[in-house]
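Containing PDB, C-alpha atoms: run_22.pdb.
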```pdb
MODEL        1
ATOM      1  CA  MET A 259     -19.276 -37.114  10.627
ATOM      2  CA  GLU A 260     -17.613 -33.772   9.994
ATOM      3  CA  GLU A 261     -19.726 -30.677  10.450
ATOM      4  CA  GLU A 262     -20.357 -28.837   7.227
ATOM      5  CA  ILE A 263     -18.639 -25.452   7.130
ATOM      6  CA  VAL A 264     -21.093 -22.734   6.142
ATOM      7  CA  GLU A 265     -19.604 -19.545   4.755
ATOM      8  CA  THR A 266     -20.950 -16.229   5.979
ATOM      9  CA  PRO A 267     -22.323 -13.755   3.419
ATOM     10  CA  GLU A 268     -19.204 -11.620   3.959
ATOM     11  CA  GLU A 269     -16.920 -14.595   3.206
ATOM     12  CA  GLN A 270     -18.951 -15.493   0.110
ATOM     13  CA  LEU A 271     -18.751 -11.917  -1.180
ATOM     14  CA  ALA A 272     -15.020 -11.703  -0.461
ATOM     15  CA  LYS A 273     -14.495 -14.973  -2.373
ATOM     16  CA  GLN A 274     -16.531 -13.607  -5.285
ATOM     17  CA  HIS A 275     -14.459 -10.419  -5.292
ATOM     18  CA  ARG A 276     -11.198 -12.368  -5.300
ATOM     19  CA  LYS A 277     -12.398 -14.356  -8.323
ATOM     20  CA  GLU A 278     -13.448 -11.175 -10.137
ATOM     21  CA  LYS A 279     -10.042  -9.603  -9.444
ATOM     22  CA  LYS A 280      -8.304 -12.719 -10.757
ATOM     23  CA  ASP A 281     -10.471 -12.669 -13.885
ATOM     24  CA  MET A 282      -9.679  -8.974 -14.278
ATOM     25  CA  GLN A 283      -5.934  -9.681 -14.150
ATOM     26  CA  ALA A 284      -6.338 -12.332 -16.844
ATOM     27  CA  LYS A 285      -8.250  -9.852 -19.008
ATOM     28  CA  ILE A 286      -5.589  -7.181 -18.448
ATOM     29  CA  GLN A 287      -2.848  -9.606 -19.430
ATOM     30  CA  SER A 288      -4.733 -10.474 -22.624
ATOM     31  CA  MET A 289      -5.015  -6.743 -23.396
ATOM     32  CA  LYS A 290      -1.289  -6.255 -22.805
ATOM     33  CA  ASN A 291      -0.416  -9.145 -25.101
ATOM     34  CA  ALA A 292      -2.462  -7.544 -27.886
ATOM     35  CA  VAL A 293      -0.424  -4.315 -27.845
ATOM     36  CA  PRO A 294       3.146  -4.273 -29.236
ATOM     37  CA  LYS A 295       5.717  -3.363 -26.580
ATOM     38  CA  ASN A 296       7.389  -0.818 -28.840
ATOM     39  CA  ASP A 297       4.143   1.096 -29.511
ATOM     40  CA  LYS A 298       4.456   3.722 -26.758
ATOM     41  CA  LYS A 299       1.262   5.563 -27.696
ATOM     42  CA  LYS A 300      -0.914   2.465 -27.498
ATOM     43  CA  ARG A 301       0.874   1.304 -24.347
ATOM     44  CA  LYS A 302       0.032   4.621 -22.680
ATOM     45  CA  GLN A 303      -3.613   4.342 -23.776
ATOM     46  CA  LEU A 304      -3.637   0.782 -22.472
ATOM     47  CA  THR A 305      -2.335   1.910 -19.069
ATOM     48  CA  GLU A 306      -5.144   4.462 -18.795
ATOM     49  CA  GLU A 307      -7.754   1.904 -19.863
ATOM     50  CA  ILE A 308      -6.471  -0.611 -17.308
ATOM     51  CA  ALA A 309      -6.630   2.015 -14.556
ATOM     52  CA  LYS A 310     -10.275   2.725 -15.470
ATOM     53  CA  LEU A 311     -11.177  -0.969 -15.454
ATOM     54  CA  GLU A 312      -9.608  -1.399 -12.015
ATOM     55  CA  ALA A 313     -11.352   1.712 -10.680
ATOM     56  CA  ASP A 314     -14.739   0.514 -12.010
ATOM     57  CA  LEU A 315     -14.251  -2.889 -10.395
ATOM     58  CA  ASN A 316     -13.259  -1.273  -7.084
ATOM     59  CA  GLN A 317     -16.398   0.897  -7.199
ATOM     60  CA  LYS A 318     -18.564  -2.160  -7.901
ATOM     61  CA  HIS A 319     -17.030  -4.007  -4.946
ATOM     62  CA  GLU A 320     -17.545  -0.992  -2.708
ATOM     63  CA  GLU A 321     -21.242  -0.782  -3.574
ATOM     64  CA  GLU A 322     -21.724  -4.514  -2.996
ATOM     65  CA  PHE A 323     -20.020  -4.298   0.413
ATOM     66  CA  ARG A 324     -22.236  -1.375   1.414
ATOM     67  CA  HIS A 325     -25.388  -3.195   0.337
ATOM     68  CA  LEU A 326     -24.348  -6.302   2.262
ATOM     69  CA  LYS A 327     -23.549  -4.233   5.360
ATOM     70  CA  SER A 328     -26.964  -2.568   5.365
ATOM     71  CA  THR A 329     -28.680  -5.952   4.959
ATOM     72  CA  THR A 330     -26.562  -7.526   7.691
ATOM     73  CA  ASP A 331     -27.249  -4.683  10.141
ATOM     74  CA  THR A 332     -31.017  -5.163   9.709
ATOM     75  CA  LYS A 333     -30.845  -8.918  10.341
ATOM     76  CA  VAL A 334     -28.607  -8.503  13.395
ATOM     77  CA  GLU A 335     -31.075  -6.018  14.905
ATOM     78  CA  GLU A 336     -33.911  -8.532  14.440
ATOM     79  CA  VAL A 337     -31.876 -11.247  16.168
ATOM     80  CA  ILE A 338     -31.085  -8.999  19.145
ATOM     81  CA  ASN A 339     -34.688  -7.868  19.585
ATOM     82  CA  GLY A 340     -36.065 -11.402  19.220
ATOM     83  CA  VAL A 341     -38.771 -10.172  16.861
ATOM     84  CA  ASP A 342     -39.796 -11.475  13.479
ATOM     85  CA  THR A 343     -42.690 -10.805  11.122
ATOM     86  CA  ILE A 344     -44.815 -13.133   9.056
ATOM     87  CA  LYS A 345     -46.945 -12.239   6.079
ATOM     88  CA  MET A 346     -50.616 -13.187   6.300
ATOM     89  CA  GLU A 347     -52.724 -14.343   3.378
ATOM     90  CA  ASP A 348     -54.521 -10.999   3.112
ATOM     91  CA  GLY A 349     -51.186  -9.195   2.713
ATOM     92  CA  GLU A 350     -51.049  -7.789   6.238
ATOM     93  CA  GLN A 351     -48.016  -8.343   8.444
ATOM     94  CA  GLU A 352     -48.235  -9.608  11.989
ATOM     95  CA  GLU A 353     -45.466  -9.274  14.536
ATOM     96  CA  VAL A 354     -44.769 -12.570  16.305
ATOM     97  CA  LYS A 355     -42.843 -12.820  19.550
ATOM     98  CA  GLN A 356     -40.303 -15.617  19.638
ATOM     99  CA  PRO A 357     -40.494 -18.247  22.405
ATOM    100  CA  ARG A 358     -38.659 -17.469  25.650
ATOM    101  CA  VAL A 359     -34.929 -17.602  25.025
ATOM    102  CA  THR A 360     -32.600 -19.221  27.549
ATOM    103  CA  LYS A 361     -29.570 -17.375  28.950
ATOM    104  CA  ALA A 362     -27.254 -19.725  27.081
ATOM    105  CA  GLN A 363     -29.043 -18.979  23.805
ATOM    106  CA  LYS A 364     -28.877 -15.249  24.516
ATOM    107  CA  ARG A 365     -25.140 -15.532  25.008
ATOM    108  CA  ARG A 366     -24.818 -17.406  21.710
ATOM    109  CA  ASP A 367     -26.994 -14.841  19.948
ATOM    110  CA  LYS A 368     -24.971 -11.982  21.395
ATOM    111  CA  LYS A 369     -21.727 -13.632  20.325
ATOM    112  CA  ALA A 370     -23.123 -14.191  16.813
ATOM    113  CA  ALA A 371     -24.225 -10.559  16.599
ATOM    114  CA  GLN A 372     -20.795  -9.364  17.738
ATOM    115  CA  GLU A 373     -19.127 -11.583  15.131
ATOM    116  CA  LYS A 374     -21.412 -10.185  12.423
ATOM    117  CA  GLU A 375     -20.550  -6.670  13.526
ATOM    118  CA  ARG A 376     -16.829  -7.489  13.437
ATOM    119  CA  GLU A 377     -17.109  -8.899   9.912
ATOM    120  CA  SER A 378     -19.024  -5.808   8.838
ATOM    121  CA  ARG A 379     -16.286  -3.563  10.211
ATOM    122  CA  ILE A 380     -13.666  -5.590   8.333
ATOM    123  CA  ALA A 381     -15.671  -5.314   5.118
ATOM    124  CA  GLU A 382     -16.119  -1.576   5.630
ATOM    125  CA  ALA A 383     -12.389  -1.129   6.276
ATOM    126  CA  GLU A 384     -11.648  -2.972   3.047
ATOM    127  CA  VAL A 385     -13.923  -0.581   1.159
ATOM    128  CA  GLN A 386     -12.239   2.423   2.752
ATOM    129  CA  ASN A 387      -8.839   1.043   1.787
ATOM    130  CA  LEU A 388      -9.959   0.796  -1.844
ATOM    131  CA  HIS A 389     -10.538   4.550  -1.939
ATOM    132  CA  GLY A 390      -8.096   5.593   0.786
ATOM    133  CA  VAL A 391      -5.031   7.740   0.137
ATOM    134  CA  ARG A 392      -2.697   4.764   0.488
ATOM    135  CA  HIS A 393      -4.538   2.747  -2.164
ATOM    136  CA  GLN A 394      -4.814   5.702  -4.533
ATOM    137  CA  GLU A 395      -1.121   6.488  -4.083
ATOM    138  CA  GLY A 396      -0.273   2.881  -4.939
ATOM    139  CA  LEU A 397      -2.386   3.001  -8.124
ATOM    140  CA  MET A 398      -0.775   6.241  -9.299
ATOM    141  CA  LEU A 399       2.732   4.923  -8.654
ATOM    142  CA  ALA A 400       1.947   1.664 -10.449
ATOM    143  CA  GLN A 401       0.806   3.613 -13.513
ATOM    144  CA  LYS A 402       3.915   5.808 -13.527
ATOM    145  CA  LEU A 403       6.254   2.852 -13.105
ATOM    146  CA  ALA A 404       4.478   0.782 -15.762
ATOM    147  CA  LEU A 405       5.409   3.412 -18.365
ATOM    148  CA  GLN A 406       9.042   2.542 -17.603
ATOM    149  CA  GLN A 407       8.306  -1.195 -17.474
ATOM    150  CA  LEU A 408       8.937  -1.126 -13.722
ATOM    151  CA  GLN A 409       7.039  -2.123 -10.594
ATOM    152  CA  ILE A 410       7.486  -1.580  -6.845
ATOM    153  CA  LYS A 411       9.762  -3.932  -4.932
ATOM    154  CA  GLU A 412       8.782  -3.874  -1.265
ATOM    155  CA  ILE A 413      11.397  -2.881   1.318
ATOM    156  CA  SER A 414      10.972  -3.544   5.056
ATOM    157  CA  THR A 415       9.779  -0.689   7.264
ATOM    158  CA  ASP A 416      12.518  -0.669   9.902
ATOM    159  CA  GLY A 417      13.886   2.880   9.679
ATOM    160  CA  HIS A 418      16.570   1.823   7.196
ATOM    161  CA  CYS A 419      14.217   1.704   4.188
ATOM    162  CA  MET A 420      16.007   4.326   2.071
ATOM    163  CA  TYR A 421      19.393   2.678   2.586
ATOM    164  CA  ARG A 422      17.947  -0.806   2.050
ATOM    165  CA  ALA A 423      16.317   0.341  -1.192
ATOM    166  CA  ILE A 424      19.691   1.642  -2.421
ATOM    167  CA  GLU A 425      21.378  -1.564  -1.248
ATOM    168  CA  ASP A 426      18.836  -3.493  -3.331
ATOM    169  CA  GLN A 427      19.433  -1.288  -6.385
ATOM    170  CA  LEU A 428      23.193  -1.788  -6.100
ATOM    171  CA  ALA A 429      22.948  -5.565  -5.692
ATOM    172  CA  GLN A 430      23.544  -6.192  -9.412
ATOM    173  CA  ARG A 431      26.623  -3.954  -9.446
ATOM    174  CA  SER A 432      28.314  -4.447  -6.081
ATOM    175  CA  LYS A 433      27.634  -5.738  -2.585
ATOM    176  CA  VAL A 434      27.241  -2.724  -0.294
ATOM    177  CA  HIS A 435      25.540  -3.239   3.069
ATOM    178  CA  VAL A 436      23.256  -0.780   4.821
ATOM    179  CA  VAL A 437      25.804  -0.324   7.627
ATOM    180  CA  GLU A 438      28.451   0.757   5.118
ATOM    181  CA  LEU A 439      26.040   3.075   3.310
ATOM    182  CA  ARG A 440      25.133   4.803   6.582
ATOM    183  CA  SER A 441      28.769   5.105   7.647
ATOM    184  CA  ARG A 442      29.907   6.578   4.319
ATOM    185  CA  THR A 443      26.944   8.977   4.261
ATOM    186  CA  ALA A 444      27.764  10.298   7.739
ATOM    187  CA  GLU A 445      31.459  10.577   6.892
ATOM    188  CA  HIS A 446      30.723  12.621   3.752
ATOM    189  CA  MET A 447      28.346  14.929   5.620
ATOM    190  CA  ARG A 448      30.922  15.559   8.365
ATOM    191  CA  SER A 449      33.658  16.375   5.860
ATOM    192  CA  HIS A 450      31.350  18.670   3.835
ATOM    193  CA  ALA A 451      29.469  20.337   6.674
ATOM    194  CA  ASP A 452      29.046  23.616   4.772
ATOM    195  CA  ASP A 453      26.932  21.791   2.160
ATOM    196  CA  PHE A 454      24.498  20.429   4.740
ATOM    197  CA  LEU A 455      24.430  22.657   7.837
ATOM    198  CA  PRO A 456      22.361  25.457   6.207
ATOM    199  CA  PHE A 457      19.510  22.977   5.672
ATOM    200  CA  LEU A 458      19.371  21.715   9.263
ATOM    201  CA  THR A 459      17.598  23.714  11.962
ATOM    202  CA  ASN A 460      16.670  23.087  15.566
ATOM    203  CA  PRO A 461      12.907  22.289  15.602
ATOM    204  CA  SER A 462      12.459  24.124  18.927
ATOM    205  CA  THR A 463      14.294  27.366  18.139
ATOM    206  CA  GLY A 464      14.387  27.442  14.334
ATOM    207  CA  ASP A 465      18.115  28.250  14.504
ATOM    208  CA  MET A 466      20.692  26.547  12.325
ATOM    209  CA  TYR A 467      22.326  23.554  13.971
ATOM    210  CA  THR A 468      25.329  24.172  16.157
ATOM    211  CA  THR A 469      28.496  22.143  15.603
ATOM    212  CA  ASP A 470      27.515  19.773  18.420
ATOM    213  CA  GLU A 471      23.967  19.363  17.084
ATOM    214  CA  PHE A 472      25.315  18.629  13.621
ATOM    215  CA  GLU A 473      27.708  16.010  14.998
ATOM    216  CA  LYS A 474      24.797  14.401  16.874
ATOM    217  CA  TYR A 475      22.795  14.370  13.616
ATOM    218  CA  CYS A 476      25.645  12.663  11.726
ATOM    219  CA  SER A 477      26.128  10.187  14.560
ATOM    220  CA  ASP A 478      22.441   9.241  14.347
ATOM    221  CA  VAL A 479      22.781   8.773  10.574
ATOM    222  CA  GLU A 480      25.681   6.391  11.157
ATOM    223  CA  HIS A 481      24.668   4.442  14.244
ATOM    224  CA  THR A 482      20.851   4.435  14.524
ATOM    225  CA  ALA A 483      17.788   3.671  12.402
ATOM    226  CA  ALA A 484      17.229   7.400  11.817
ATOM    227  CA  TRP A 485      15.062   7.920   8.736
ATOM    228  CA  GLY A 486      16.954   9.131   5.650
ATOM    229  CA  GLY A 487      15.828  11.978   3.396
ATOM    230  CA  GLN A 488      16.957  14.244   0.606
ATOM    231  CA  LEU A 489      20.121  15.441   2.389
ATOM    232  CA  GLU A 490      21.294  11.871   2.873
ATOM    233  CA  LEU A 491      20.444  11.065  -0.743
ATOM    234  CA  ARG A 492      22.552  14.008  -1.903
ATOM    235  CA  ALA A 493      25.454  12.738   0.195
ATOM    236  CA  LEU A 494      25.025   9.237  -1.215
ATOM    237  CA  THR A 495      25.202  10.425  -4.844
ATOM    238  CA  LYS A 496      28.590  11.955  -4.021
ATOM    239  CA  VAL A 497      29.774   8.867  -2.163
ATOM    240  CA  LEU A 498      28.651   6.394  -4.838
ATOM    241  CA  HIS A 499      29.256   8.658  -7.865
ATOM    242  CA  LEU A 500      25.841   7.626  -9.149
ATOM    243  CA  PRO A 501      22.657   9.583 -10.007
ATOM    244  CA  ILE A 502      19.537   8.841  -7.967
ATOM    245  CA  GLU A 503      15.931   9.445  -9.018
ATOM    246  CA  VAL A 504      12.962   9.338  -6.645
ATOM    247  CA  ILE A 505       9.532   8.642  -8.166
ATOM    248  CA  GLN A 506       6.497  10.048  -6.316
ATOM    249  CA  ALA A 507       2.751   9.715  -6.901
ATOM    250  CA  ASN A 508       1.640  13.352  -6.865
ATOM    251  CA  SER A 509       4.899  15.167  -7.617
ATOM    252  CA  PRO A 510       7.478  15.242 -10.408
ATOM    253  CA  THR A 511      10.361  12.795 -10.174
ATOM    254  CA  VAL A 512      13.239  14.177  -8.082
ATOM    255  CA  LYS A 513      16.662  13.694  -9.702
ATOM    256  CA  ILE A 514      19.863  14.070  -7.696
ATOM    257  CA  GLY A 515      23.460  13.738  -8.872
ATOM    258  CA  GLU A 516      22.735  14.291 -12.558
ATOM    259  CA  GLU A 517      26.367  15.287 -13.017
ATOM    260  CA  PHE A 518      27.254  11.598 -12.900
ATOM    261  CA  ASP A 519      26.817   9.938 -16.285
ATOM    262  CA  CYS A 520      25.929   6.436 -15.085
ATOM    263  CA  GLU A 521      22.918   4.151 -14.864
ATOM    264  CA  VAL A 522      20.506   5.762 -12.446
ATOM    265  CA  ILE A 523      19.384   4.318  -9.095
ATOM    266  CA  THR A 524      15.584   4.431  -8.902
ATOM    267  CA  LEU A 525      13.656   4.672  -5.639
ATOM    268  CA  VAL A 526       9.942   5.055  -4.916
ATOM    269  CA  TYR A 527       8.882   7.532  -2.230
ATOM    270  CA  MET A 528       5.517   6.878  -0.582
ATOM    271  CA  ARG A 529       3.820   9.335   1.763
ATOM    272  CA  HIS A 530       1.110   6.982   3.021
ATOM    273  CA  ALA A 531       2.756   3.556   3.064
ATOM    274  CA  TYR A 532       1.457   0.958   5.542
ATOM    275  CA  GLY A 533      -0.259   3.615   7.648
ATOM    276  CA  LEU A 534       3.188   4.521   8.983
ATOM    277  CA  GLY A 535       3.685   7.614   6.866
ATOM    278  CA  GLU A 536       6.734   8.192   4.682
ATOM    279  CA  HIS A 537       8.591   5.210   3.256
ATOM    280  CA  TYR A 538      11.037   4.295   0.473
ATOM    281  CA  ASN A 539      10.747   1.230  -1.748
ATOM    282  CA  SER A 540      12.982  -0.142  -4.478
ATOM    283  CA  VAL A 541      11.882  -1.064  -8.027
ATOM    284  CA  GLU A 542      12.277  -4.042 -10.320
ATOM    285  CA  ARG A 543      11.429  -4.915 -13.897
ATOM    286  CA  LEU A 544       7.692  -5.244 -14.504
ATOM    287  CA  LYS A 545       6.712  -8.899 -14.293
ATOM    288  CA  ASP A 546       4.374 -10.590 -16.734
ATOM    289  CA  PRO A 547       1.267 -11.473 -14.638
ATOM    290  CA  ALA A 548       0.794 -14.604 -16.755
ATOM    291  CA  ASN A 549       4.183 -15.902 -15.577
ATOM    292  CA  ALA A 550       4.267 -14.379 -12.100
ATOM    293  CA  GLU A 551       2.480 -17.353 -10.473
ATOM    294  CA  ASP A 552       4.979 -19.789 -11.970
ATOM    295  CA  SER A 553       8.024 -17.962 -10.601
TER     296      SER A 553
ENDMDL
END
```

Translate this file's structure into structure tokens.
Amino acid sequence: MEEEIVETPEEQLAKQHRKEKKDMQAKIQSMKNAVPKNDKKKRKQLTEEIAKLEADLNQKHEEEFRHLKSTTDTKVEEVINGVDTIKMEDGEQEEVKQPRVTKAQKRRDKKAAQEKERESRIAEAEVQNLHGVRHQEGLMLAQKLALQQLQIKEISTDGHCMYRAIEDQLAQRSKVHVVELRSRTAEHMRSHADDFLPFLTNPSTGDMYTTDEFEKYCSDVEHTAAWGGQLELRALTKVLHLPIEVIQANSPTVKIGEEFDCEVITLVYMRHAYGLGEHYNSVERLKDPANAEDS
């Protein structure tokens, strides 16, 4: 006979939260369907209302996690101390010592207490993530992108993220690999050194790069996973003859290469992605949540 699996309070609460989030998404989709896509004013109001609903639900989940943690901590302490209380008929409480506990039982109790503590830490971390800078940045970006009917498309965090995001954006127009993008970027920077050297300084001395230091910088752009930034983006607009815009959570959108009258390449810049710091993602058309599970 199979042993019945009993869910912990943390697992039960997490399951409840997942269901509430799923119900929330269904409600949001219903709200979206009720607003015409061409009514920009109502769509903007809807975006703000959705953000409030999500924030309220996050706050509710946070409070429930905190309440559960405080309850769990009290019960774990009682288990460790081996003390319980019973209520007498006259309303008084009497402390009752538990029978002598064997070493094996103590080990099991200690393991159970450690597991409870681990689950509590996980629950607490989840709450912190809900209100952490990374989560808030993601919400703000989602709201900005939704106004353009866009959403984030995740790009791997391997040092090539900016180039991979551009590669992804170009996929519908032409096949250009990251290696080629890096090589052409470095080549353009070398041949237009006067446009880039003034913005590169030695971090130790503060002096502008020497010729050798600049060549080393370009070599790293071409041959390593060196992180790309605004200088490389400026070089890429010249190489590709395409404008590039970079959407950020707390800053205005940066537009580079506006002299090129073509369909823009859109990237998302994240300061707090994955706990690794700065990161670039691509974008894609906003998916209908009602159809997302079927795709």

| Can you list, as a PyMOL selection string, every protein, DNA or RNA residue that comes within 9 Å of Ile286 (chain A) when you count all atoms listed in the file, leaving out same-chain residues fewer than 4 positions away? | chain A and resi 281-282+290-291+308+311+547

Create the file for the chosen residues now, containing C-alpha atoms and written as a compact mmCIF listing (two decimals), in the frame of the given file.
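Now in out.txt:
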```txt
# COMPACT_ATOMS: atom_id res chain seq x y z
CA ASP A 281 -10.47 -12.67 -13.88
CA MET A 282 -9.68 -8.97 -14.28
CA LYS A 290 -1.29 -6.26 -22.80
CA ASN A 291 -0.42 -9.14 -25.10
CA ILE A 308 -6.47 -0.61 -17.31
CA LEU A 311 -11.18 -0.97 -15.45
CA PRO A 547 1.27 -11.47 -14.64
```

| task | For region 420-423 of chain A, list every protein, DNA or RNA residue within 8 Å, evaluated using all atoms listed in the file, and leave out those in the same chain fewer than 4 positions away; present the list as JSON, numbers by chain. | result | {"A": [413, 427, 436, 439, 440, 485, 486, 487, 525, 537, 538, 539, 540]}

| query | So which residues get picked by the PyMOL selection byres ((chain A and resi 513) around 12) here, written as JSON, numbers by chain? | reply | {"A": [488, 491, 492, 495, 500, 501, 502, 503, 504, 505, 506, 510, 511, 512, 514, 515, 516, 517, 518, 522, 523, 524, 525, 526]}

Resulting file, chosen residues, C-alpha atoms, as an mmCIF file, keeping the file's coordinate frame:
```cif
data_model
loop_
_atom_site.group_PDB
_atom_site.id
_atom_site.type_symbol
_atom_site.label_atom_id
_atom_site.label_comp_id
_atom_site.auth_asym_id
_atom_site.auth_seq_id
_atom_site.Cartn_x
_atom_site.Cartn_y
_atom_site.Cartn_z
ATOM 1 C CA GLN A 488 16.957 14.244 0.606
ATOM 2 C CA LEU A 491 20.444 11.065 -0.743
ATOM 3 C CA ARG A 492 22.552 14.008 -1.903
ATOM 4 C CA THR A 495 25.202 10.425 -4.844
ATOM 5 C CA LEU A 500 25.841 7.626 -9.149
ATOM 6 C CA PRO A 501 22.657 9.583 -10.007
ATOM 7 C CA ILE A 502 19.537 8.841 -7.967
ATOM 8 C CA GLU A 503 15.931 9.445 -9.018
ATOM 9 C CA VAL A 504 12.962 9.338 -6.645
ATOM 10 C CA ILE A 505 9.532 8.642 -8.166
ATOM 11 C CA GLN A 506 6.497 10.048 -6.316
ATOM 12 C CA PRO A 510 7.478 15.242 -10.408
ATOM 13 C CA THR A 511 10.361 12.795 -10.174
ATOM 14 C CA VAL A 512 13.239 14.177 -8.082
ATOM 15 C CA ILE A 514 19.863 14.070 -7.696
ATOM 16 C CA GLY A 515 23.460 13.738 -8.872
ATOM 17 C CA GLU A 516 22.735 14.291 -12.558
ATOM 18 C CA GLU A 517 26.367 15.287 -13.017
ATOM 19 C CA PHE A 518 27.254 11.598 -12.900
ATOM 20 C CA VAL A 522 20.506 5.762 -12.446
ATOM 21 C CA ILE A 523 19.384 4.318 -9.095
ATOM 22 C CA THR A 524 15.584 4.431 -8.902
ATOM 23 C CA LEU A 525 13.656 4.672 -5.639
ATOM 24 C CA VAL A 526 9.942 5.055 -4.916
#
```

| remark: Between CA of Ala284 (chain A) and CA of Lys327 (chain A) lies a distance of 29.2 Å

| request: Give me the residues within 10 Å of region 463-474 of chain A as a ChimeraX atom specification, counting all atoms listed in the file and dropping any in the same chain fewer than 5 places off. | output: /A:444,447-448,451,454-458,479-480

Could those residues be written to a file, using C-alpha atoms, as a tab-separated table (two decimals), keeping the file's coordinate frame?
```
chain	number	residue	atom	x	y	z
A	444	ALA	CA	27.76	10.30	7.74
A	447	MET	CA	28.35	14.93	5.62
A	448	ARG	CA	30.92	15.56	8.36
A	451	ALA	CA	29.47	20.34	6.67
A	454	PHE	CA	24.50	20.43	4.74
A	455	LEU	CA	24.43	22.66	7.84
A	456	PRO	CA	22.36	25.46	6.21
A	457	PHE	CA	19.51	22.98	5.67
A	458	LEU	CA	19.37	21.72	9.26
A	479	VAL	CA	22.78	8.77	10.57
A	480	GLU	CA	25.68	6.39	11.16
```

| field | Distance criterion (all atoms listed in the file): nearest to Thr329 (chain A) out of A:Lys374, A:His530, A:Lys310, A:Arg392 | value |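 The answer is A:Lys374, which sits nearest to Thr329 (chain A).
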
| Between CA of Asn296 (chain A) and CA of Gln283 (chain A), distance in Å (one decimal) | 21.7 Å

| request: Quick one: pull the distance between CA of Leu494 (chain A) and CA of Thr443 (chain A), Å, one decimal. | output: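 So the two atoms, CA of Leu494 (chain A) and CA of Thr443 (chain A), lie 5.8 Å apart.
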
| Residues picked by the PyMOL selection byres ((chain A and resi 399-408) around 6) here, as a ChimeraX atom specification? | /A:396-398,409,507,542-544

| request: May I ask which of the residues A:Gly417, A:Glu312, A:Leu326, A:Pro461 is the closest one to Lys280 (chain A), counting all atoms listed in the file? | output: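 Distance minimum relative to Lys280 (chain A) lands on A:Glu312.
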
| remark: Min atom-atom distance to His275 (chain A) from the set A:His319, A:His393, A:Lys369, A:Lys411, counting only C-alpha atoms, belongs to A:His319
